[in-house]
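Chemist: Here you go, model.cif (mmCIF, C-alpha atoms):
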data_protein
loop_
_atom_site.label_atom_id
_atom_site.label_comp_id
_atom_site.auth_asym_id
_atom_site.auth_seq_id
_atom_site.Cartn_x
_atom_site.Cartn_y
_atom_site.Cartn_z
CA MET A 1 41.42 15.30 -14.98
CA ARG A 2 37.68 15.14 -14.16
CA ASN A 3 36.22 16.68 -17.31
CA GLY A 4 36.81 20.26 -16.22
CA LEU A 5 35.58 19.70 -12.67
CA ASP A 6 38.99 19.83 -10.99
CA PHE A 7 37.74 22.58 -8.66
CA VAL A 8 35.04 20.25 -7.28
CA PRO A 9 36.14 17.95 -4.40
CA ALA A 10 36.40 14.34 -5.58
CA PRO A 11 33.73 12.98 -3.15
CA LEU A 12 31.19 15.46 -4.58
CA ALA A 13 32.22 14.95 -8.20
CA GLN A 14 31.71 11.19 -7.86
CA LEU A 15 28.07 11.53 -6.87
CA PRO A 16 25.32 10.73 -9.44
CA TRP A 17 24.07 14.30 -9.57
CA ARG A 18 21.45 13.64 -12.24
CA VAL A 19 19.70 11.21 -9.92
CA ILE A 20 20.10 13.53 -6.92
CA PHE A 21 18.63 16.47 -8.84
CA LEU A 22 15.75 14.27 -10.00
CA VAL A 23 15.04 13.22 -6.40
CA MET A 24 15.18 16.87 -5.35
CA ALA A 25 12.72 17.77 -8.13
CA ILE A 26 10.24 15.09 -6.98
CA GLY A 27 10.68 16.22 -3.39
CA ALA A 28 10.06 19.87 -4.33
CA PHE A 29 6.95 18.87 -6.29
CA GLY A 30 5.76 16.94 -3.23
CA LEU A 31 6.10 20.09 -1.13
CA ILE A 32 3.95 21.98 -3.66
CA VAL A 33 1.29 19.25 -3.37
CA LEU A 34 1.35 19.40 0.44
CA TYR A 35 1.23 23.22 0.33
CA SER A 36 -1.93 22.98 -1.75
CA ALA A 37 -3.41 20.20 0.41
CA ALA A 38 -3.11 22.55 3.40
CA GLY A 39 -5.08 25.23 1.56
CA GLY A 40 -2.08 27.30 0.55
CA SER A 41 0.00 27.09 3.73
CA VAL A 42 3.41 25.63 4.54
CA ARG A 43 1.98 24.39 7.83
CA PRO A 44 1.34 21.81 9.06
CA TRP A 45 2.82 19.59 6.37
CA ALA A 46 5.05 21.22 3.75
CA LEU A 47 7.53 22.90 6.12
CA SER A 48 8.23 19.86 8.30
CA GLN A 49 8.33 17.62 5.22
CA GLY A 50 10.91 19.89 3.57
CA ILE A 51 13.14 19.97 6.65
CA ARG A 52 13.06 16.18 6.96
CA PHE A 53 13.74 15.78 3.24
CA VAL A 54 16.88 17.95 3.34
CA ILE A 55 18.22 16.16 6.43
CA LEU A 56 17.53 12.67 5.05
CA LEU A 57 18.96 13.54 1.62
CA CYS A 58 22.17 14.73 3.28
CA GLY A 59 22.19 11.46 5.23
CA ALA A 60 21.83 9.48 1.98
CA ILE A 61 24.76 11.37 0.46
CA ALA A 62 26.84 10.65 3.57
CA LEU A 63 25.84 6.98 3.38
CA SER A 64 27.12 6.85 -0.21
CA ARG A 65 30.66 7.23 1.16
CA MET A 66 30.46 3.89 2.97
CA PRO A 67 32.39 1.14 1.15
CA GLU A 68 30.38 -1.74 -0.24
CA GLY A 69 32.47 -4.21 1.79
CA PHE A 70 31.41 -2.52 5.03
CA LEU A 71 27.75 -2.72 4.02
CA ALA A 72 28.18 -6.43 3.31
CA ARG A 73 29.74 -7.02 6.74
CA ILE A 74 26.96 -5.28 8.66
CA ALA A 75 24.01 -6.71 6.68
CA LEU A 76 23.32 -9.76 8.85
CA PRO A 77 24.23 -8.17 12.23
CA VAL A 78 21.94 -5.18 11.60
CA TYR A 79 19.20 -7.56 10.42
CA ALA A 80 19.50 -9.45 13.73
CA VAL A 81 19.32 -6.19 15.73
CA LEU A 82 16.20 -5.16 13.82
CA VAL A 83 14.52 -8.52 14.52
CA VAL A 84 15.20 -7.98 18.24
CA ALA A 85 13.81 -4.44 17.90
CA LEU A 86 10.63 -5.81 16.28
CA ILE A 87 10.21 -8.21 19.20
CA LEU A 88 10.65 -5.30 21.62
CA VAL A 89 8.01 -3.36 19.67
CA GLU A 90 5.57 -6.19 20.33
CA LEU A 91 6.46 -6.24 24.03
CA LEU A 92 7.06 -2.56 24.82
CA GLY A 93 6.09 -0.57 21.73
CA ALA A 94 4.17 2.69 21.70
CA VAL A 95 0.66 2.63 20.20
CA ARG A 96 -0.48 5.23 17.66
CA GLY A 97 -3.61 5.06 15.54
CA GLY A 98 -4.45 1.61 16.90
CA SER A 99 -1.15 0.12 15.76
CA GLN A 100 1.88 -0.84 17.84
CA ARG A 101 4.82 -0.02 15.55
CA TRP A 102 7.16 2.30 17.44
CA LEU A 103 9.85 2.08 20.10
CA ASP A 104 9.78 5.18 22.29
CA LEU A 105 13.41 6.07 23.03
CA GLY A 106 12.59 9.35 24.75
CA VAL A 107 14.01 11.82 22.23
CA ILE A 108 12.74 9.89 19.22
CA ARG A 109 10.21 7.26 18.27
CA LEU A 110 11.87 4.56 16.18
CA GLN A 111 9.95 2.37 13.72
CA PRO A 112 12.18 -0.71 13.18
CA SER A 113 9.99 -2.10 10.41
CA GLU A 114 11.01 0.79 8.12
CA PHE A 115 14.70 -0.08 8.47
CA MET A 116 13.88 -3.72 7.83
CA LYS A 117 12.73 -2.98 4.26
CA PRO A 118 16.25 -2.30 2.90
CA PHE A 119 18.03 -4.60 5.35
CA ILE A 120 15.95 -7.66 4.44
CA VAL A 121 17.27 -7.13 0.92
CA MET A 122 20.85 -6.84 2.17
CA ALA A 123 20.50 -9.84 4.51
CA CYS A 124 19.18 -12.09 1.72
CA ALA A 125 21.87 -10.78 -0.64
CA LYS A 126 24.55 -11.57 1.95
CA PHE A 127 23.15 -15.08 2.46
CA TYR A 128 23.37 -15.85 -1.26
CA ASP A 129 26.78 -14.19 -1.47
CA LEU A 130 28.02 -16.65 1.18
CA LEU A 131 26.27 -19.60 -0.46
CA PRO A 132 28.41 -21.52 -3.03
CA PRO A 133 26.95 -21.02 -6.54
CA ASN A 134 26.44 -24.77 -7.04
CA GLU A 135 24.19 -24.86 -3.94
CA THR A 136 21.77 -22.22 -5.23
CA ARG A 137 19.56 -24.71 -7.07
CA ARG A 138 19.07 -26.96 -4.05
CA PHE A 139 16.40 -26.83 -1.38
CA GLY A 140 18.95 -25.59 1.15
CA ALA A 141 19.11 -22.36 -0.83
CA ILE A 142 15.50 -21.39 -0.11
CA TRP A 143 14.46 -22.38 3.39
CA PRO A 144 17.03 -20.18 5.21
CA ALA A 145 15.97 -17.24 3.02
CA ALA A 146 12.31 -18.07 3.77
CA LEU A 147 13.11 -17.81 7.49
CA LEU A 148 15.00 -14.54 6.97
CA ILE A 149 11.92 -13.10 5.26
CA GLY A 150 9.18 -14.80 7.27
CA ILE A 151 10.35 -13.89 10.78
CA PRO A 152 10.28 -10.07 10.37
CA ALA A 153 7.21 -10.20 8.12
CA GLY A 154 5.34 -12.21 10.77
CA LEU A 155 6.39 -9.82 13.54
CA VAL A 156 5.25 -6.82 11.49
CA MET A 157 1.88 -8.50 10.81
CA LEU A 158 1.35 -8.64 14.57
CA GLN A 159 1.59 -4.82 14.87
CA PRO A 160 -0.64 -4.97 12.61
CA ASP A 161 0.91 -3.52 9.43
CA LEU A 162 -0.03 -5.50 6.34
CA GLY A 163 1.50 -3.01 3.89
CA THR A 164 4.96 -3.08 5.48
CA ALA A 165 4.85 -6.87 5.81
CA LEU A 166 4.09 -7.13 2.09
CA MET A 167 6.98 -4.76 1.30
CA ILE A 168 9.40 -6.88 3.37
CA CYS A 169 8.24 -10.04 1.60
CA ALA A 170 8.42 -8.41 -1.85
CA GLY A 171 11.98 -7.14 -1.36
CA GLY A 172 13.23 -10.43 0.02
CA VAL A 173 11.51 -12.61 -2.58
CA THR A 174 12.96 -10.41 -5.35
CA VAL A 175 16.49 -11.17 -4.12
CA VAL A 176 15.70 -14.89 -3.82
CA PHE A 177 14.43 -14.96 -7.41
CA LEU A 178 17.38 -13.00 -8.82
CA ALA A 179 19.83 -15.20 -6.94
CA GLY A 180 18.93 -18.04 -9.29
CA VAL A 181 16.68 -20.23 -7.16
CA PRO A 182 14.86 -22.63 -9.54
CA LEU A 183 11.48 -21.53 -10.84
CA ARG A 184 9.86 -24.79 -9.72
CA LEU A 185 10.44 -23.79 -6.10
CA PHE A 186 8.66 -20.49 -6.73
CA VAL A 187 5.77 -22.29 -8.39
CA GLY A 188 5.51 -24.64 -5.42
CA GLY A 189 5.65 -21.70 -3.03
CA ALA A 190 2.97 -19.84 -4.99
CA LEU A 191 0.67 -22.87 -4.90
CA ALA A 192 1.22 -23.26 -1.15
CA LEU A 193 0.52 -19.56 -0.67
CA GLY A 194 -2.63 -19.81 -2.76
CA ALA A 195 -3.84 -22.72 -0.64
CA ALA A 196 -3.14 -20.73 2.54
CA ILE A 197 -4.98 -17.58 1.43
CA PRO A 198 -8.44 -18.69 2.67
CA LEU A 199 -6.98 -19.57 6.09
CA ALA A 200 -5.06 -16.30 6.26
CA PHE A 201 -8.13 -14.32 5.19
CA ASN A 202 -10.29 -15.83 7.91
CA PHE A 203 -7.85 -16.21 10.79
CA ALA A 204 -4.72 -14.04 10.24
CA LEU A 205 -6.17 -10.76 9.00
CA HIS A 206 -7.94 -8.19 11.16
CA ASP A 207 -11.50 -7.16 10.37
CA TYR A 208 -10.48 -3.86 8.75
CA GLN A 209 -7.96 -5.68 6.53
CA ARG A 210 -10.60 -8.16 5.38
CA ASN A 211 -13.01 -5.31 4.68
CA ARG A 212 -10.40 -3.54 2.52
CA ILE A 213 -9.99 -6.67 0.38
CA LEU A 214 -13.76 -7.11 0.05
CA ILE A 215 -14.14 -3.45 -0.93
CA PHE A 216 -11.44 -3.89 -3.57
CA LEU A 217 -13.39 -6.79 -5.06
CA ASP A 218 -16.71 -4.88 -4.85
CA PRO A 219 -16.00 -1.12 -4.53
CA GLU A 220 -19.67 -0.11 -4.52
CA SER A 221 -20.74 -2.39 -1.67
CA ASP A 222 -19.99 0.24 1.02
CA PRO A 223 -19.38 3.60 -0.71
CA LEU A 224 -19.95 5.66 2.46
CA GLY A 225 -18.03 3.35 4.79
CA THR A 226 -14.94 1.27 4.08
CA GLY A 227 -15.08 2.14 0.37
CA TYR A 228 -15.26 5.89 0.92
CA HIS A 229 -11.51 6.50 0.55
CA ILE A 230 -11.14 4.81 -2.79
CA SER A 231 -14.42 6.21 -4.17
CA GLN A 232 -13.37 9.79 -3.40
CA SER A 233 -9.88 9.10 -4.74
CA LYS A 234 -11.28 7.98 -8.08
CA ILE A 235 -13.53 11.04 -8.21
CA ALA A 236 -10.57 13.34 -7.52
CA ILE A 237 -8.38 11.71 -10.18
CA GLY A 238 -11.15 11.64 -12.77
CA SER A 239 -12.17 15.24 -12.17
CA GLY A 240 -8.60 16.38 -12.87
CA GLY A 241 -8.86 15.37 -16.52
CA ILE A 242 -5.83 15.82 -18.77
CA PHE A 243 -4.34 19.03 -17.41
CA GLY A 244 -5.99 19.26 -13.98
CA LYS A 245 -8.06 21.96 -12.29
CA GLY A 246 -5.04 24.10 -11.56
CA PHE A 247 -2.83 24.78 -8.56
CA LEU A 248 -4.84 25.35 -5.33
CA ASN A 249 -8.09 24.54 -7.15
CA GLY A 250 -8.64 20.94 -6.06
CA SER A 251 -12.15 20.83 -4.63
CA GLN A 252 -12.10 17.21 -3.39
CA SER A 253 -9.10 17.77 -1.12
CA HIS A 254 -9.83 21.38 -0.12
CA LEU A 255 -13.43 20.60 0.84
CA ASP A 256 -12.28 17.51 2.81
CA TYR A 257 -14.10 15.01 0.63
CA LEU A 258 -10.82 13.12 0.10
CA PRO A 259 -9.61 11.51 3.34
CA GLU A 260 -5.84 11.26 3.87
CA GLY A 261 -5.29 13.58 0.91
CA HIS A 262 -1.86 14.55 2.24
CA THR A 263 -0.62 11.03 3.12
CA ASP A 264 -1.61 7.77 1.40
CA PHE A 265 -3.85 9.52 -1.16
CA ALA A 266 -1.56 12.46 -1.93
CA LEU A 267 -1.36 11.23 -5.54
CA ALA A 268 -5.10 11.83 -5.92
CA THR A 269 -4.68 15.35 -4.52
CA MET A 270 -1.90 16.01 -7.02
CA MET A 271 -3.72 14.56 -10.05
CA GLU A 272 -6.88 16.55 -9.31
CA GLU A 273 -4.88 19.77 -9.69
CA TRP A 274 -2.21 18.66 -12.20
CA GLY A 275 -4.22 16.10 -14.15
CA LEU A 276 -3.01 13.16 -16.20
CA VAL A 277 0.03 15.16 -17.31
CA GLY A 278 1.23 15.58 -13.73
CA GLY A 279 0.65 11.91 -13.00
CA VAL A 280 2.53 10.73 -16.09
CA LEU A 281 5.49 13.03 -15.39
CA THR A 282 5.64 11.71 -11.83
CA ILE A 283 5.68 8.12 -13.11
CA ILE A 284 8.45 8.96 -15.61
CA ALA A 285 10.55 10.58 -12.87
CA PHE A 286 10.28 7.54 -10.61
CA PHE A 287 10.94 5.24 -13.58
CA CYS A 288 14.21 7.07 -14.28
CA ILE A 289 15.34 6.54 -10.68
CA ILE A 290 14.42 2.85 -10.75
CA PHE A 291 16.10 2.42 -14.15
CA TRP A 292 19.27 3.99 -12.76
CA GLY A 293 19.16 1.57 -9.83
CA ALA A 294 18.81 -1.37 -12.23
CA SER A 295 21.82 -0.14 -14.22
CA VAL A 296 23.82 0.04 -10.97
CA ALA A 297 22.90 -3.61 -10.34
CA LEU A 298 23.94 -4.67 -13.85
CA ASN A 299 27.37 -3.02 -13.47
CA ALA A 300 28.05 -4.18 -9.90
CA PRO A 301 31.25 -6.27 -9.53
CA THR A 302 30.18 -8.66 -6.73
CA ARG A 303 27.21 -10.92 -6.17
CA PHE A 304 26.27 -9.12 -2.97
CA SER A 305 26.27 -5.70 -4.61
CA ARG A 306 24.34 -6.95 -7.66
CA LEU A 307 21.60 -8.55 -5.57
CA THR A 308 21.48 -5.63 -3.15
CA ALA A 309 21.20 -3.00 -5.88
CA ALA A 310 18.52 -4.98 -7.71
CA GLY A 311 16.55 -5.62 -4.52
CA LEU A 312 16.68 -1.99 -3.40
CA SER A 313 15.59 -0.81 -6.85
CA ALA A 314 12.69 -3.26 -6.64
CA THR A 315 11.79 -1.91 -3.18
CA ILE A 316 11.46 1.62 -4.61
CA PHE A 317 9.41 0.20 -7.50
CA PHE A 318 7.04 -1.59 -5.10
CA TYR A 319 6.50 1.63 -3.13
CA VAL A 320 5.49 3.51 -6.27
CA ALA A 321 3.53 0.71 -7.96
CA ILE A 322 1.53 -0.31 -4.88
CA ASN A 323 0.61 3.25 -3.89
CA MET A 324 -0.45 4.24 -7.40
CA SER A 325 -2.44 1.03 -7.86
CA MET A 326 -4.09 1.53 -4.47
CA VAL A 327 -5.05 5.15 -5.15
CA MET A 328 -6.53 4.26 -8.56
CA GLY A 329 -8.49 1.30 -7.19
CA LEU A 330 -6.32 -1.35 -8.85
CA ALA A 331 -5.18 -2.83 -5.51
CA PRO A 332 -6.57 -3.00 -1.96
CA VAL A 333 -5.78 -0.12 0.39
CA VAL A 334 -2.73 -1.24 2.40
CA GLY A 335 -1.29 2.02 3.70
CA ILE A 336 1.76 2.38 1.43
CA PRO A 337 2.63 6.09 0.89
CA LEU A 338 4.11 7.57 -2.28
CA PRO A 339 7.76 8.50 -1.58
CA PHE A 340 8.57 12.24 -1.53
CA ILE A 341 4.95 13.13 -2.36
CA SER A 342 3.01 11.80 0.64
CA PHE A 343 3.47 13.50 3.99
CA GLY A 344 5.47 11.50 6.52
CA SER A 345 8.99 10.42 7.27
CA SER A 346 8.71 6.64 6.86
CA ALA A 347 8.72 6.40 3.05
CA GLN A 348 11.29 9.21 2.74
CA LEU A 349 13.57 7.46 5.22
CA THR A 350 13.34 4.06 3.54
CA VAL A 351 13.72 5.26 -0.04
CA LEU A 352 16.60 7.66 0.73
CA LEU A 353 18.30 4.87 2.67
CA CYS A 354 17.92 2.70 -0.43
CA LEU A 355 19.29 5.48 -2.63
CA GLY A 356 22.24 6.07 -0.30
CA ILE A 357 23.23 2.40 -0.51
CA LEU A 358 22.72 2.43 -4.29
CA MET A 359 25.00 5.47 -4.57
CA SER A 360 27.62 3.64 -2.51
CA ILE A 361 27.50 0.67 -4.89
CA ASP A 362 27.54 3.02 -7.89
CA ARG A 363 30.68 4.73 -6.53
CA GLN A 364 32.30 1.31 -6.10
CA ASN A 365 31.35 0.47 -9.70
CA ARG A 366 33.06 3.60 -11.00
CA GLN A 367 36.21 2.94 -9.01
CA THR A 368 36.35 -0.65 -10.29
CA SER A 369 35.86 0.45 -13.90
CA ARG A 370 38.82 2.84 -13.63
CA LEU A 371 41.19 0.10 -12.49
#
In structure tokens, write the structure found in this file.
Modeler:
Amino acid sequence: MRNGLDFVPAPLAQLPWRVIFLVMAIGAFGLIVLYSAAGGSVRPWALSQGIRFVILLCGAIALSRMPEGFLARIALPVYAVLVVALILVELLGAVRGGSQRWLDLGVIRLQPSEFMKPFIVMACAKFYDLLPPNETRRFGAIWPAALLIGIPAGLVMLQPDLGTALMICAGGVTVVFLAGVPLRLFVGGALALGAAIPLAFNFALHDYQRNRILIFLDPESDPLGTGYHISQSKIAIGSGGIFGKGFLNGSQSHLDYLPEGHTDFALATMMEEWGLVGGVLTIIAFFCIIFWGASVALNAPTRFSRLTAAGLSATIFFYVAINMSMVMGLAPVVGIPLPFISFGSSAQLTVLLCLGILMSIDRQNRQTSRL
């Protein structure tokens, strides 16, 4: 018996439909935001975004049927393939918007760095799954993971793509921390990183990246130049008030005062029309998804699945937290979109890939609990 759902095929009945419906609700709300950002038209953003969302959601559901053991076996091989792909991007990659991030395969342009976000989590989780528990508190437990994280992050920085490099580091470091590596090693790493920041600021970052950090520290120093995005974003959010100006009534986005109002700053477009209430409901919806991912990690039967589920949940959290902080002026602008709300396939692809793997682990959890 399946609680009166005998007419539903078992693979469908086993899916976490509450989470899927919640993702669909956020995606539908994102289409409404993009429809408004285009001045009340499904083109050029809402229609293509909706088609991609349906295809990728179906892909995530299909991915949920993969057994957790298969995901564990492919984690390191796929990671290695993606590192090679990142090297090929540097050598042969297509350039768009001044950045070299894509491999042109003829029928499709592939961005390997997006796939690296979930697979760095899985690769680190597989490393610690293979490592004997008594070795976790030794130095040999951290330097291989540092290489696993540092190599792709460094390659992505060359593209240049600071936001994606930070996401790769954040996902990997989360797994390293949850694996039980001693806190003293993290403190030592943080001190070393702090000492390296001045060198990185002066020699590793590009001029526009340095300017974004300086604008974050002093937003009013260049309000019509580098600081224009964040100034207009704050104006749009503040003008929305509690309940917003109303659907299709956002003046900042419709009059083109808000740059990138359909991509990185889509949250500002939404909050101008839907106000604080719309923003809070969006945060609650994402929190419910992240909370579900954390519960999947807590119930996972193996070390690999626990670390993977926790790391992927953290990846989704970083997407949401960094974008919202950036749009509200609480963090430098680093080009991280808001999943399902911002226009574009990269965030949708990564987050739905994360959700597909989480659903696979959740299905494994349910099967284990019934034994």
Chemist: I want to know what sits within 10 Å of His262 (chain A), based on all atoms listed in the file, with residues of the same chain fewer than 6 positions away left out; could you give that as a ChimeraX atom specification?
Modeler: /A:30,33-38,45-46,253,268-270,337,341-344
Chemist: May I have the residues within 8 Å of Gly172 (chain A) as a compact mmCIF listing (two decimals) with C-alpha atoms, keeping the file's coordinate frame, using only C-alpha atoms and disregarding those fewer than 6 positions away in the same chain?
Modeler:
# COMPACT_ATOMS: atom_id res chain seq x y z
CA ILE A 120 15.95 -7.66 4.44
CA VAL A 121 17.27 -7.13 0.92
CA CYS A 124 19.18 -12.09 1.72
CA ALA A 145 15.97 -17.24 3.02
CA ILE A 149 11.92 -13.10 5.26
CA GLY A 311 16.55 -5.62 -4.52
Chemist: Expanded to explicit residues, what is the PyMOL selection byres ((chain A and resi 69-73) around 9) for this file, as a VMD selection string?
Modeler: chain A and resid 66 to 68 74 to 77 122 to 123 125 to 126 304 to 305 357
Chemist: Need the shell around Ile361 (chain A): protein/DNA/RNA residues with any atom at most 12 Å away, counting only C-alpha atoms. Skip same-chain ones fewer than 4 positions apart. Format as a VMD selection string?
Modeler: chain A and resid 14 to 16 63 to 72 292 to 310 312 354 to 357 365 to 368
Chemist: Out of A:Leu358, A:Ala331, A:Leu185, A:Ile168, which residue has the shortest atom-to-atom distance to Lys117 (chain A) when counting all atoms listed in the file?
Modeler: A:Ile168
Chemist: So what do you get for CA of Met24 (chain A) versus CA of Gly329 (chain A), distance-wise?
Modeler: 28.4 Å
Chemist: Counting all atoms listed in the file, which of A:Pro160, A:Pro44, A:Pro133, A:Gly188 gets nearest to Leu205 (chain A)?
Modeler: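 Selected residue with least distance to Leu205 (chain A): A:Pro160.
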Chemist: Please write as a ChimeraX atom specification the full residue list that the PyMOL selection byres ((chain A and resi 80-94) around 8) yields on this file.
Modeler: /A:76-79,95-96,100-104,112-113,115-116,151-152,155-156,158-159
Chemist: One decimal, Å: what's the distance from CA of His254 (chain A) over to CA of Gly39 (chain A), could you say?
Modeler: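 Distance reported for this atom pair: 6.3 Å.
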Chemist: How many Å separate CA of Phe318 (chain A) from CA of Met167 (chain A)?
Modeler: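 The value is 7.1 Å.
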Chemist: I'd like the contact shell of Gly27 (chain A) - 12 Å cut-off, all atoms listed in the file, skipping same-chain residues fewer than 6 positions apart - returned as a list in words.
Modeler: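 The residues satisfying every condition are Ile20, Phe21, Val33, Leu34, Ala46, Gln49, Gly50, Ile51, Arg52, Phe53, Val54, Leu56, Leu57, Thr282, Ala285, Phe286, Leu338, Pro339, Phe340, Ile341, Ser342, Phe343, Ala347, Gln348, Val351 and Leu352 of chain A.
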